[in-house]
>>> print(open('query-v9.cif').read())   # mmCIF, C-alpha atoms and all ligand atoms
data_coords
loop_
_atom_site.label_atom_id
_atom_site.label_comp_id
_atom_site.auth_asym_id
_atom_site.auth_seq_id
_atom_site.Cartn_x
_atom_site.Cartn_y
_atom_site.Cartn_z
CA MET X 1 9.82 -111.35 -123.93
CA LEU X 2 13.51 -111.80 -124.72
CA ASP X 3 15.07 -115.21 -124.35
CA ILE X 4 18.51 -116.00 -125.75
CA LYS X 5 20.76 -119.02 -125.29
CA GLY X 6 24.14 -119.89 -126.74
CA LEU X 7 24.91 -116.78 -128.79
CA LEU X 8 28.35 -116.37 -130.37
CA VAL X 9 29.09 -113.46 -132.68
CA ALA X 10 32.35 -112.34 -134.31
CA ARG X 11 33.35 -108.85 -135.39
CA GLY X 12 35.95 -108.84 -138.17
CA GLU X 13 37.53 -111.77 -139.99
CA GLY X 14 40.01 -114.59 -139.33
CA ALA X 15 42.65 -114.25 -136.63
CA GLN X 16 41.75 -110.57 -136.16
CA ALA X 17 38.13 -111.37 -135.36
CA HIS X 18 36.79 -110.34 -131.99
CA ARG X 19 34.42 -112.97 -130.57
CA VAL X 20 31.61 -112.24 -128.17
CA ARG X 21 29.63 -114.89 -126.31
CA LEU X 22 26.36 -114.73 -124.40
CA ASN X 23 25.36 -118.03 -122.81
CA GLU X 24 21.99 -116.99 -121.50
CA LEU X 25 19.76 -113.95 -121.21
CA HIS X 26 16.14 -113.76 -120.21
CA LEU X 27 14.21 -110.50 -119.89
CA GLU X 28 10.56 -110.06 -119.01
CA GLN X 29 8.39 -107.06 -119.87
CA GLY X 30 9.49 -104.01 -117.89
CA GLU X 31 12.93 -105.51 -117.21
CA ILE X 32 16.17 -103.78 -118.00
CA ARG X 33 19.83 -104.88 -118.04
CA ALA X 34 22.90 -102.70 -118.23
CA ILE X 35 25.68 -104.05 -120.45
CA THR X 36 29.07 -103.10 -119.06
CA GLY X 37 32.73 -103.70 -119.86
CA GLU X 38 35.87 -101.90 -120.88
CA SER X 39 36.22 -100.09 -124.19
CA GLY X 40 36.55 -102.46 -127.15
CA CYS X 41 35.35 -105.56 -125.26
CA GLY X 42 32.36 -106.03 -127.55
CA LYS X 43 29.35 -104.32 -125.96
CA SER X 44 28.14 -102.75 -129.22
CA THR X 45 28.83 -106.02 -131.03
CA LEU X 46 26.57 -107.85 -128.59
CA LEU X 47 23.87 -105.21 -128.93
CA GLU X 48 24.06 -105.36 -132.72
CA ALA X 49 23.75 -109.15 -132.72
CA ILE X 50 20.72 -109.01 -130.45
CA GLY X 51 19.39 -106.16 -132.60
CA LEU X 52 19.68 -108.33 -135.73
CA LEU X 53 22.21 -106.01 -137.35
CA LEU X 54 25.01 -108.57 -137.18
CA ALA X 55 24.47 -112.27 -137.91
CA PRO X 56 25.66 -114.63 -135.16
CA GLN X 57 28.05 -117.51 -135.80
CA GLN X 58 26.20 -119.70 -133.34
CA LEU X 59 22.81 -119.39 -131.75
CA ASN X 60 20.91 -122.09 -129.88
CA HIS X 61 17.78 -120.19 -128.99
CA TYR X 62 16.34 -116.68 -129.55
CA ARG X 63 12.70 -115.85 -128.89
CA LEU X 64 11.44 -112.29 -129.05
CA GLY X 65 8.28 -110.47 -128.01
CA ARG X 66 4.89 -111.45 -126.66
CA GLU X 67 4.43 -113.84 -129.57
CA ALA X 68 7.82 -115.41 -128.82
CA VAL X 69 8.89 -115.23 -132.47
CA ASP X 70 11.54 -117.84 -133.24
CA VAL X 71 14.36 -115.55 -134.34
CA ARG X 72 16.90 -118.39 -134.41
CA GLN X 73 14.90 -120.11 -137.11
CA LEU X 74 14.51 -116.93 -139.17
CA LEU X 75 18.28 -116.44 -139.00
CA ALA X 76 18.99 -120.09 -139.81
CA GLU X 77 16.72 -119.85 -142.87
CA ASN X 78 18.17 -116.43 -143.77
CA GLN X 79 14.68 -114.95 -144.00
CA GLN X 80 15.83 -111.38 -144.56
CA PRO X 81 12.44 -109.73 -145.18
CA ALA X 82 11.01 -111.29 -142.00
CA LEU X 83 14.11 -110.24 -140.05
CA ALA X 84 13.91 -106.69 -141.42
CA ALA X 85 10.23 -106.54 -140.46
CA LEU X 86 11.03 -107.77 -136.97
CA ARG X 87 13.80 -105.20 -136.65
CA SER X 88 11.66 -102.27 -137.68
CA ARG X 89 8.52 -103.39 -135.83
CA GLN X 90 9.74 -104.95 -132.57
CA LEU X 91 13.07 -103.25 -131.91
CA GLY X 92 13.84 -99.66 -130.95
CA PHE X 93 17.37 -98.27 -131.08
CA VAL X 94 18.88 -95.32 -129.22
CA LEU X 95 22.26 -94.42 -130.68
CA GLN X 96 25.14 -92.58 -128.99
CA ASN X 97 24.75 -89.43 -131.08
CA GLY X 98 20.96 -89.42 -131.19
CA GLY X 99 20.86 -90.00 -134.95
CA LEU X 100 18.02 -87.54 -135.58
CA LEU X 101 17.36 -86.32 -139.12
CA PRO X 102 18.37 -82.61 -139.26
CA PHE X 103 15.80 -81.63 -141.90
CA LEU X 104 12.80 -82.85 -139.89
CA LYS X 105 11.23 -81.11 -136.93
CA VAL X 106 11.27 -82.98 -133.63
CA ARG X 107 7.62 -84.08 -134.03
CA ASP X 108 8.34 -85.46 -137.52
CA ASN X 109 11.51 -87.21 -136.35
CA ILE X 110 9.41 -88.89 -133.67
CA GLN X 111 6.62 -89.78 -136.10
CA LEU X 112 8.91 -91.18 -138.79
CA PRO X 113 9.14 -94.78 -137.48
CA ARG X 114 5.33 -94.90 -137.23
CA ARG X 115 4.86 -93.45 -140.72
CA LEU X 116 7.31 -95.91 -142.24
CA LEU X 117 5.30 -98.76 -140.71
CA GLY X 118 1.97 -97.29 -141.81
CA LEU X 119 0.81 -96.80 -138.21
CA SER X 120 -1.61 -94.04 -137.26
CA SER X 121 -0.03 -90.81 -136.07
CA ARG X 122 -1.85 -90.95 -132.72
CA SER X 123 -0.12 -93.09 -130.14
CA ARG X 124 -0.71 -93.22 -126.41
CA ALA X 125 2.89 -94.46 -125.97
CA VAL X 126 4.31 -91.43 -127.79
CA GLU X 127 2.04 -89.02 -125.92
CA LYS X 128 3.09 -90.56 -122.63
CA ALA X 129 6.78 -90.48 -123.55
CA VAL X 130 6.57 -86.84 -124.70
CA GLU X 131 4.94 -86.03 -121.38
CA VAL X 132 7.40 -88.03 -119.24
CA LEU X 133 10.39 -86.54 -121.07
CA ARG X 134 8.84 -83.03 -121.11
CA LEU X 135 9.26 -82.60 -124.86
CA GLU X 136 6.09 -80.68 -125.66
CA PRO X 137 7.89 -77.30 -126.00
CA LEU X 138 10.44 -78.80 -128.39
CA LEU X 139 8.12 -80.46 -130.91
CA ASP X 140 8.26 -77.70 -133.52
CA LYS X 141 12.02 -77.19 -133.35
CA TYR X 142 14.73 -78.68 -135.55
CA PRO X 143 17.37 -80.94 -133.95
CA GLN X 144 20.22 -78.45 -134.48
CA SER X 145 18.49 -75.93 -132.23
CA LEU X 146 18.35 -78.41 -129.33
CA SER X 147 20.94 -79.11 -126.66
CA ILE X 148 22.61 -82.53 -126.72
CA GLY X 149 20.56 -83.62 -123.72
CA GLU X 150 17.34 -82.55 -125.44
CA ARG X 151 18.35 -84.44 -128.59
CA GLN X 152 18.96 -87.58 -126.55
CA ARG X 153 15.53 -87.24 -124.95
CA VAL X 154 13.97 -86.92 -128.41
CA ALA X 155 15.99 -89.94 -129.61
CA CYS X 156 14.56 -91.97 -126.72
CA VAL X 157 11.00 -91.10 -127.71
CA ARG X 158 11.71 -91.82 -131.36
CA ALA X 159 13.11 -95.22 -130.37
CA ILE X 160 9.85 -96.21 -128.69
CA ALA X 161 7.48 -94.34 -131.07
CA HIS X 162 6.46 -97.49 -132.96
CA GLU X 163 5.87 -99.29 -129.64
CA PRO X 164 8.61 -101.89 -129.97
CA GLN X 165 8.97 -104.70 -127.47
CA LEU X 166 12.72 -104.42 -126.99
CA LEU X 167 14.67 -101.20 -126.56
CA LEU X 168 18.41 -101.31 -127.35
CA ALA X 169 20.37 -98.28 -126.22
CA ASP X 170 24.09 -97.85 -126.94
CA GLU X 171 25.68 -95.43 -124.47
CA PRO X 172 22.66 -93.10 -124.53
CA THR X 173 24.22 -90.86 -121.88
CA ALA X 174 27.77 -90.74 -123.32
CA ALA X 175 27.51 -87.16 -124.57
CA LEU X 176 25.78 -85.81 -121.48
CA ASP X 177 27.02 -84.10 -118.32
CA PRO X 178 26.42 -86.04 -115.07
CA HIS X 179 23.22 -84.20 -114.21
CA ASN X 180 21.63 -84.75 -117.62
CA ALA X 181 22.93 -88.32 -117.75
CA GLN X 182 21.16 -89.05 -114.49
CA ARG X 183 17.99 -87.40 -115.74
CA LEU X 184 18.02 -89.36 -119.00
CA PHE X 185 18.58 -92.65 -117.16
CA GLU X 186 15.66 -91.86 -114.90
CA LEU X 187 13.47 -91.11 -117.89
CA LEU X 188 14.58 -94.21 -119.76
CA LEU X 189 13.69 -96.36 -116.78
CA SER X 190 10.28 -94.77 -116.41
CA LEU X 191 9.56 -95.33 -120.12
CA VAL X 192 10.55 -98.98 -119.86
CA ASN X 193 8.35 -99.35 -116.81
CA GLU X 194 5.35 -97.40 -118.06
CA LEU X 195 5.31 -98.92 -121.54
CA GLY X 196 6.22 -102.44 -120.41
CA LEU X 197 9.27 -102.75 -122.65
CA SER X 198 12.35 -104.86 -122.17
CA ALA X 199 15.58 -102.93 -122.48
CA LEU X 200 19.31 -103.42 -122.84
CA VAL X 201 21.42 -100.35 -122.14
CA VAL X 202 25.14 -100.26 -122.88
CA SER X 203 26.80 -97.95 -120.39
CA HIS X 204 30.22 -97.35 -118.91
CA ASP X 205 28.74 -95.17 -116.20
CA TRP X 206 29.07 -97.48 -113.21
CA ALA X 207 28.03 -94.82 -110.73
CA LEU X 208 24.74 -94.34 -112.55
CA ILE X 209 24.11 -98.06 -112.86
CA ASP X 210 24.76 -98.50 -109.12
CA GLN X 211 22.64 -95.52 -108.25
CA PHE X 212 19.64 -96.97 -110.08
CA GLY X 213 20.42 -100.52 -108.94
CA LEU X 214 20.33 -101.92 -112.47
CA PRO X 215 21.16 -105.59 -112.91
CA ARG X 216 24.21 -105.98 -115.12
CA LEU X 217 25.51 -108.17 -117.86
CA GLY X 218 29.23 -107.69 -117.49
CA ALA X 219 32.14 -108.52 -119.78
CA VAL X 220 34.44 -111.34 -118.67
CA ASN X 221 37.63 -111.95 -120.64
CA GLY X 222 37.78 -115.54 -121.84
CA GLU X 223 40.19 -117.34 -124.16
CA GLY X 224 40.18 -115.25 -127.32
CA GLU X 225 36.69 -113.99 -126.62
CA THR X 226 34.59 -111.84 -124.35
CA ARG X 227 31.78 -113.50 -122.43
CA PHE X 228 28.87 -111.47 -121.09
CA GLU X 229 27.55 -112.81 -117.79
CA PRO X 230 25.14 -111.62 -115.12
CA LEU X 231 27.01 -109.77 -112.39
CA VAL X 232 25.70 -108.99 -108.94
N1 LIG Y 301 34.06 -103.40 -138.45
C1 LIG Y 301 34.93 -104.01 -137.64
N2 LIG Y 301 35.82 -104.91 -138.14
C2 LIG Y 301 36.69 -105.55 -137.33
N3 LIG Y 301 36.75 -105.34 -136.00
C3 LIG Y 301 35.91 -104.44 -135.47
C4 LIG Y 301 34.96 -103.72 -136.25
N4 LIG Y 301 34.27 -102.90 -135.43
C5 LIG Y 301 34.77 -103.09 -134.20
N5 LIG Y 301 35.75 -104.00 -134.22
C6 LIG Y 301 36.52 -104.51 -133.08
O1 LIG Y 301 35.66 -105.37 -132.34
C7 LIG Y 301 35.89 -105.19 -130.95
C8 LIG Y 301 34.57 -104.91 -130.24
O2 LIG Y 301 34.09 -103.63 -130.65
P1 LIG Y 301 32.80 -103.00 -130.00
O3 LIG Y 301 32.52 -101.73 -130.71
O4 LIG Y 301 31.72 -104.02 -129.94
O5 LIG Y 301 33.30 -102.73 -128.50
P2 LIG Y 301 32.65 -101.84 -127.35
O6 LIG Y 301 32.78 -102.62 -126.09
O7 LIG Y 301 31.27 -101.43 -127.74
O8 LIG Y 301 33.63 -100.59 -127.33
P3 LIG Y 301 33.39 -99.06 -126.86
O9 LIG Y 301 33.01 -99.11 -125.41
O10 LIG Y 301 34.73 -98.43 -127.08
O11 LIG Y 301 32.30 -98.49 -127.74
C9 LIG Y 301 36.93 -104.09 -130.79
O12 LIG Y 301 38.16 -104.69 -130.51
C10 LIG Y 301 36.94 -103.40 -132.14
O13 LIG Y 301 38.24 -102.93 -132.43
#
>>> encode(input="query-v9.cif", output="structure tokens", more="lines below")
Ligand SMILES: Nc1ncnc2c1ncn2[C@@H]1O[C@H](COP(=O)(O)OP(=O)(O)OP(=O)(O)O)[C@@H](O)[C@H]1O
Amino acid sequence: MLDIKGLLVARGEGAQAHRVRLNELHLEQGEIRAITGESGCGKSTLLEAIGLLLAPQQLNHYRLGREAVDVRQLLAENQQPALAALRSRQLGFVLQNGGLLPFLKVRDNIQLPRRLLGLSSRSRAVEKAVEVLRLEPLLDKYPQSLSIGERQRVACVRAIAHEPQLLLADEPTAALDPHNAQRLFELLLSLVNELGLSALVVSHDWALIDQFGLPRLGAVNGEGETRFEPLV
């Protein structure tokens, strides 16, 4: 589903560059990992490299999805159209601020990724997610009339609307109060489980991660770089 070995990515240039290393990561369908570490250690950088938004400096192996697409080779050959297609088809992103388009109703925000890919508007995954996240009453509203928690719930559905294989969420609960953060985590986990996704969730909320017993990839300070390693 997701299999990465020997990833090194740098943010910035020269001596100022911040290097992030991931020696190994393997996720099956329905599996989730929390990415943790102090502010500025490189969590978003790691997520962006895995999400094909930032090119790695080194990469020994990267296979993605049920077809085990050889992402390393696409990167090595700089096959930008194929990478862009992979990004829009197989990856779903949840951003810190939701990132919804203000001029589209909730239902159109959710449908947009499907429309852009030419997929039919009916989707069992979307229907299920709308049901799990109790979004039915919000579908005809605009994002600005929703609470932050509601927007984050919508952003989660939009991220899986095109039925990606890997969900990448960057601090999805950062703007939420503890109760809503817990609720969103719960909902995220049930979506991952019900839709058989793999997911990486950046979070600094240790209590929440412990509460849900999520396995972690934690930041370890190395020489001039941050390494992300499984923590128990
Ligand atoms: N565009 C950039 N150019 C150069 N350095 C950058 C850039 N963006 C971020 N950095 C630096 O790279 C490092 C890693 O940043 P990153 O955003 O990945 O950390 P993070 O762990 O996600 O932080 P936070 O928890 O605060 O969001 C930081 O030291 C940051 O200052």
>>> closest_atom_pairs(input="query-v9.cif", of="range 21-55 of chain X", to="range 70-88 of chain X", cutoff="9 Å", atoms="all atoms listed in the file", output="JSON lines")
{"residue": "X:Gly51", "atom": "CA", "partner": "X:Arg87", "partner_atom": "CA", "distance": 7.0}
{"residue": "X:Leu52", "atom": "CA", "partner": "X:Arg87", "partner_atom": "CA", "distance": 6.7}
{"residue": "X:Leu53", "atom": "CA", "partner": "X:Arg87", "partner_atom": "CA", "distance": 8.5}
{"residue": "X:Ala55", "atom": "CA", "partner": "X:Leu75", "partner_atom": "CA", "distance": 7.5}
>>> residues_around(input="query-v9.cif", residues="Gly118 in chain X", least_positions_apart="5", cutoff="10 Å", atoms="all atoms listed in the file", output="VMD selection string")
chain X and resid 112 to 113 162
>>> closest_atom_pairs(input="query-v9.cif", of="range 78-158 of chain X", to="range 202-206 of chain X", cutoff="12 Å", atoms="all atoms listed in the file", output="CSV")
residue,atom,partner,partner_atom,distance
X:Phe93,CA,X:Val202,CA,11.5
X:Val94,CA,X:Val202,CA,10.2
X:Leu95,CA,X:Val202,CA,10.2
X:Gln96,CA,X:Val202,CA,9.8
>>> write_last_selection(input="query-v9.cif", atoms="C-alpha atoms", output="PDB file, in the frame of the given file")
ATOM      1  CA  PHE X  93      17.370 -98.270-131.080  1.00  0.00           C
ATOM      2  CA  VAL X  94      18.880 -95.320-129.220  1.00  0.00           C
ATOM      3  CA  LEU X  95      22.260 -94.420-130.680  1.00  0.00           C
ATOM      4  CA  GLN X  96      25.140 -92.580-128.990  1.00  0.00           C
TER       5      GLN X  96
END
>>> residues_near_ligand(input="query-v9.cif", ligand="ligand LIG 301 (chain Y)", cutoff="6 Å", atoms="only C-alpha atoms and all ligand atoms", output="PDB file with C-alpha atoms, in the coordinates of the input")
ATOM      1  CA  ARG X  11      33.350-108.850-135.390  1.00  0.00           C
ATOM      2  CA  GLY X  12      35.950-108.840-138.170  1.00  0.00           C
ATOM      3  CA  HIS X  18      36.790-110.340-131.990  1.00  0.00           C
ATOM      4  CA  SER X  39      36.220-100.090-124.190  1.00  0.00           C
ATOM      5  CA  GLY X  40      36.550-102.460-127.150  1.00  0.00           C
ATOM      6  CA  CYS X  41      35.350-105.560-125.260  1.00  0.00           C
ATOM      7  CA  GLY X  42      32.360-106.030-127.550  1.00  0.00           C
ATOM      8  CA  LYS X  43      29.350-104.320-125.960  1.00  0.00           C
ATOM      9  CA  SER X  44      28.140-102.750-129.220  1.00  0.00           C
ATOM     10  CA  THR X  45      28.830-106.020-131.030  1.00  0.00           C
TER      11      THR X  45
END
>>> closest_residue(input="query-v9.cif", among="X:Arg33, X:Arg63, X:Arg216, X:Arg134", to="Leu200 in chain X", atoms="all atoms listed in the file")
X:Arg33
>>> closest_residue(input="query-v9.cif", among="X:Gly213, X:Pro143, X:Gly6, X:Gly218", to="Glu186 in chain X", atoms="only C-alpha atoms")
X:Gly213
>>> atom_distance(input="query-v9.cif", atom1="CA of Leu231 in chain X", atom2="CA of Ala68 in chain X")
25.9 Å
>>> axis_aligned_box(input="query-v9.cif", around="range 84-89 of chain X", padding_each_side="5 Å", output="lines of an AutoDock Vina configuration file")
center_x = 11.2
center_y = -105.0
center_z = -138.6
size_x = 15.4
size_y = 15.5
size_z = 15.6
>>> closest_residue(input="query-v9.cif", among="X:Leu119, X:Leu189, X:Leu59, X:Ile148", to="Leu100 in chain X", atoms="all atoms listed in the file")
X:Ile148
>>> residues_around(input="query-v9.cif", residues="Gly149 in chain X", least_positions_apart="6", cutoff="8 Å", atoms="only C-alpha atoms", output="MDAnalysis selection string")
chainID X and resid 175:176 180:181 184
>>> write_last_selection(input="query-v9.cif", atoms="C-alpha atoms", output="mmCIF file, keeping the file's coordinate frame")
data_model
loop_
_atom_site.group_PDB
_atom_site.id
_atom_site.type_symbol
_atom_site.label_atom_id
_atom_site.label_comp_id
_atom_site.auth_asym_id
_atom_site.auth_seq_id
_atom_site.Cartn_x
_atom_site.Cartn_y
_atom_site.Cartn_z
ATOM 1 C CA ALA X 175 27.510 -87.160 -124.570
ATOM 2 C CA LEU X 176 25.780 -85.810 -121.480
ATOM 3 C CA ASN X 180 21.630 -84.750 -117.620
ATOM 4 C CA ALA X 181 22.930 -88.320 -117.750
ATOM 5 C CA LEU X 184 18.020 -89.360 -119.000
#
>>> residues_around(input="query-v9.cif", residues="Ala199 in chain X", least_positions_apart="6", cutoff="12 Å", atoms="all atoms listed in the file", output="compact mmCIF listing (two decimals) with C-alpha atoms, in the frame of the given file")
# COMPACT_ATOMS: atom_id res chain seq x y z
CA MET X 1 9.82 -111.35 -123.93
CA LEU X 2 13.51 -111.80 -124.72
CA LEU X 25 19.76 -113.95 -121.21
CA HIS X 26 16.14 -113.76 -120.21
CA LEU X 27 14.21 -110.50 -119.89
CA GLU X 28 10.56 -110.06 -119.01
CA GLN X 29 8.39 -107.06 -119.87
CA GLY X 30 9.49 -104.01 -117.89
CA GLU X 31 12.93 -105.51 -117.21
CA ILE X 32 16.17 -103.78 -118.00
CA ARG X 33 19.83 -104.88 -118.04
CA ALA X 34 22.90 -102.70 -118.23
CA ILE X 35 25.68 -104.05 -120.45
CA LEU X 47 23.87 -105.21 -128.93
CA ILE X 50 20.72 -109.01 -130.45
CA GLY X 51 19.39 -106.16 -132.60
CA GLY X 65 8.28 -110.47 -128.01
CA GLN X 90 9.74 -104.95 -132.57
CA LEU X 91 13.07 -103.25 -131.91
CA GLY X 92 13.84 -99.66 -130.95
CA PHE X 93 17.37 -98.27 -131.08
CA VAL X 94 18.88 -95.32 -129.22
CA CYS X 156 14.56 -91.97 -126.72
CA ALA X 159 13.11 -95.22 -130.37
CA ILE X 160 9.85 -96.21 -128.69
CA PRO X 164 8.61 -101.89 -129.97
CA GLN X 165 8.97 -104.70 -127.47
CA LEU X 166 12.72 -104.42 -126.99
CA LEU X 167 14.67 -101.20 -126.56
CA LEU X 168 18.41 -101.31 -127.35
CA ALA X 169 20.37 -98.28 -126.22
CA ASP X 170 24.09 -97.85 -126.94
CA PHE X 185 18.58 -92.65 -117.16
CA LEU X 188 14.58 -94.21 -119.76
CA LEU X 189 13.69 -96.36 -116.78
CA SER X 190 10.28 -94.77 -116.41
CA LEU X 191 9.56 -95.33 -120.12
CA VAL X 192 10.55 -98.98 -119.86
CA ASN X 193 8.35 -99.35 -116.81
CA LEU X 214 20.33 -101.92 -112.47
CA PRO X 215 21.16 -105.59 -112.91
CA ARG X 216 24.21 -105.98 -115.12
>>> closest_residue(input="query-v9.cif", among="X:Lys105, X:His179, X:Arg19, X:Lys128", to="Asp140 in chain X", atoms="only C-alpha atoms")
X:Lys105
